[in-house]
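Written out below as structure tokens is the structure these notes cover.
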Amino acid sequence: MKKDTLKKVRITDTTLRDAHQSLWATRMRTDDILGIAEKIDAAGYYSLECWGGATFDVCMRFLRENPWERLRQIKAVCKNTPLQMLLRGQNILGYKHYPDDIVERFVALACENGMDIFRVFDALNDPRNLEKAIASVKKYGGHAQGTICYTTSPVHTVENYVKLAKEQEAMGIDSLAIKDMAGILTPGAARELVGALVKALPEMPIQIHSHMTSGMAAAMYLAAVEAGAGCVDCAISTMSSFSSQPPCESIVTILESEGYDTGLDQAKLAEINAYFKELKAKRQPASTAKVEPVDAGVLVHAIPGGMISNLRSQLAQQDALDRLPEVLAELPKTRADMGYPPLVTPTSQIVGVQSVLNVLSGKRYSMVTDETKRYSAGYYGRTPAPIEKKLAKKLQGGLKPITCRPADLLKPGLADAAREIPPKLIQAEEDILSYCLFPEVALGYFKWRAQPEGAKDPIPADVEMQKTEAAGTTAPAPDAETAKFAQIGRAFAALMAACGGTKVDLSAVKLGEAAPSPLQAGGSDKSVASPKKEEAPTGTPVLAPLNGTFYRSSGPGKPELAADGASVKAGDAVCIVEAMKLFNPIKATASGKITFVAKHGAAVAKGETIAVIAG
Ligand code: CO
């Protein structure tokens, strides 16, 4: 077959973003990228995904690099291939909604510094969470790629996906991505979905993004291309497979065998791969060498492996690892109750933790996290299916539900953020945006940067590597999940503070901290105090429902929920037990005078008496 008669299919290279985020805990340095950028640029890819996702946070937190500078440096070399980033809609790169002024300015600066294609998505597929980001990309001259986050449920039908795509088409998107973050899209479903999209939106270029987690993505890509998708996401082979994208070289050959031309040259790909093969020895955390190549469990229960390991560690903290099968059975039920959200951060954590609580508490929804409350009240966006009325009321726990676009409730934030940073630490406007997204991380980086040359503190990622080498361990490097959890903690703390109208003191927020690195000696210090009972007062006990930390108030600087000796009513929230990075309000078990037994800030064990109520 002659080349010019072939149908064209393009490939986006994810090696510089998703692939090393999925396999190397996002530890690639800018110098690593610059060592090969010219060759990647000359290979003939459709675009290079090289920014966004966890790269921004990790750059500052672990690598002590300026992510904006990374973008400028890549752009200076890659003059032929468009650069692409992943943008989480109104959440930008984090897990809470940011005000519109921050979204717009972030996009403007990204465009100015060289970003071309913005893949804009929302975990709930709520178009209202996409509209500001898409409008901003269009305003500043970028290519706005809309996104459908793929999941399965009775409401995630082809018809509904087509409706979502049309809503995004009306917002002016230039192309559409199907984002199969869990690797659960089968070839058959892809053929049907892409076919329907091509029919309904004949002019819309369609791109497919998937992960090899369950082993299906390569077969699915071929089916999607046959149905009309024009571009697929791949990583160079050394950086592919496992939880990363399908291998580029293999997909090129598969597609060519079926009469498609990718415009990529295997000899050039081989050179690029050789570079990453060498780099792997230096940058791949030793722990990931143990990962199974295929997580077949996903095919059975559609729960991504990363989520199961989170559930496992949450249960381990509660000495309840044996309850994992019950939690795995509960999870789909909780997800259904909550309107079938796609299981992607942050909804994966909200549904996951709520499922754990539903099992451990012994009575479903007797304990509801504040995140579940806000989720069910509409603060994350519209749930894919409505939550049943009576249950919704219960989950909201008195929180007023909203029906507006969540970001409409936010006041502009840029000016305040600019005032919060010590002026001597700001070098450029982009620093204010970095601070808006990751306040403590950015300040930590700015302070490091301000140290005199030659007298700077060591780079955290270097320290990590030396420790691993010295100990010869395979302890995992703190990964994107850790950063995600920290983000959720912070977002949660901010929400709590916003509810109480108090200023957030992030430095004092315990639950927002990144989990201790397993590389640090005693990193998992979790000494649970043995229950002390010195002449306990008599009455109805209030027991800790979980292992955790006991608090009298619901946040730093906030008043006690109930004063010692106060009269309380049965069902009143009287104190907090923080567990699994979430604050769980504890209710009075009876009406009467309450006497607290546990001390504010103390570790408590499940079943321990934390207060007594005398009736
Ligand atoms: Co991905």
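Identifiers for the structure tokens are assigned positionally: chains receive A, B, ... in sequence, residues are indexed from 1 per chain, and ligands are indexed from 1 in the order shown.
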
Point to revise | Protein and nucleic residues near ligand 1, 10 Å, only C-alpha atoms and all ligand atoms, as a VMD selection string | key: chain A and resid 14 17 to 19 21 to 22 53 86 179 to 183 209 to 212 233 243 to 245

Exercise for review: Within region 94-241 of chain A, find each residue whose DSSP state, derived from the backbone, is strand (DSSP E), and express the selection as a VMD selection string.
Suggested key: chain A and resid 117 to 120 143 to 149 175 to 180 206 to 210 231 to 234

Review point. Skipping near chain neighbours, those fewer than 5 positions away, what residues fall within 10 Å of Ile36 (chain A) using only C-alpha atoms, listed as a ChimeraX atom specification?
Key: /A:31,41,77,271-273,275-276

Review point. How many Å lie between CA of Leu299 (chain A) and CA of Gln317 (chain A), rounded to one decimal?
Key: 27.6 Å

Point to revise | Coordinates-based distance that separates CA of Asp174 (chain A) from CA of Pro82 (chain A) (Å, one decimal) | key: 14.1 Å
